[in-house]
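First the structure, in the form of structure tokens, and then the observations on it.
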Amino acid sequence: MQLSHEILIESRYFRVDTLSSFTSLCILKVLNVIKPLRLVSYEDGLFGTTGQASSYYEVSERAINLLLSRNEEEFNGEMTNLSGKSLRENRELFGLPATTSRANIWAARGFLRMGLMLTESPVAKNLRDLVLDIAEGIVTYRDLIEDLDILLVKYSYKSQEIPKAKLNRERANFSATIHLSPREFSKLNALAQQIGISRSELVYRHIQHLF
């Protein structure tokens, strides 16, 4: 059976099977291709809060909590609840308000799993596009390591629908302030042609993603 958005959203079996081949580094690369995400080191992994998940996927915290309540067993080992002593000791680490009495924190794999399930998030849709292409071999692990520029342009949520006026301003700024060698210009042009956009747009999208 060929994977699709609908299958990933509806089938726990196919989500588990698909993610089983994703290494920890691959998961971090995928998440950060779609949008920059800063997780913090906690115990034996990298974790983020429900608030971060809400911001990353551009959905409410209620939507994240509802997803957990309906699929708690599937997130086993990928979500930890902080309360009492563990919350007091890690409140500053995760930037949690003083009024918070308990909080869920999510491992990187849990963040990725959310994206396979959220239906109302355009960010999650971009993430599923990339996961499906990896599952089908269109994007390889080597691509995630070596061809990040191309992946940023194709899959990054922040690179979508760039305002034309803003792009024109960036083009002018780029032309006025950046001086590249003939070899560097040639390399940039080749990359832009490979993915079917202008050189200026490539630079703008890359800047937008990183900064």
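Numbering starts fresh at 1 for the residues of each chain in the structure tokens, the chains themselves are lettered A, B, ... in the order given, and ligands are numbered from 1 as they appear.
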Tell me, as an MDAnalysis selection string, which residues lie within 9 Å of Val30 in chain A, counting only C-alpha atoms; anything in the same chain fewer than 5 positions away does not count.
chainID A and resid 25 35 112 127 130:131 144
Could you pull out the residues in range 52-91 of chain A that DSSP calls strand (DSSP E or B) from the backbone, as an MDAnalysis selection string?
chainID A and resid 79:83
Put those residues in a file: C-alpha atoms, as a compact mmCIF listing (two decimals), in the first residue's frame.
# COMPACT_ATOMS: atom_id res chain seq x y z
CA MET A 79 6.17 12.52 26.45
CA THR A 80 7.04 13.15 30.10
CA ASN A 81 4.96 14.96 32.69
CA LEU A 82 6.76 17.36 34.99
CA SER A 83 5.25 18.04 38.40
Considering only C-alpha atoms, state which residue in the set A:Arg128, A:Arg109, A:Arg142, A:Lys85 is at the smallest distance from Ala53 in chain A.
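Closest to Ala53 in chain A, using only C-alpha atoms: A:Arg109.
Nearest residue to Thr23 in chain A, choosing from A:Leu132, A:Leu93, A:Ala108, A:Leu116 and counting only C-alpha atoms: A:Ala108.
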A straight line from CA of Ala63 in chain A to CA of Trp106 in chain A spans 14.7 Å
Leu67 in chain A surroundings by only C-alpha atoms, 10 Å radius, close-in-sequence under 6 positions cut, as a list in words
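Non-adjacent residues within range: Glu61, Phe75, Met114, Met117 and Leu118 of chain A.
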Could you tell me how far CA of Phe14 in chain A lies from CA of Leu39 in chain A, in Å and to one decimal?
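Answer for the CA of Phe14 in chain A to CA of Leu39 in chain A separation: 26.0 Å.
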For Ser156 in chain A, the nearest of the candidates A:Glu78, A:Asp17, A:Asp44, A:Asp129, counting only C-alpha atoms:
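Looking only at the distances to Ser156 in chain A, the closest residue turns out to be A:Asp129.
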Do you have the CA of Glu10 in chain A-CA of Arg113 in chain A distance handy?
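CA of Glu10 in chain A sits 12.3 Å away from CA of Arg113 in chain A.
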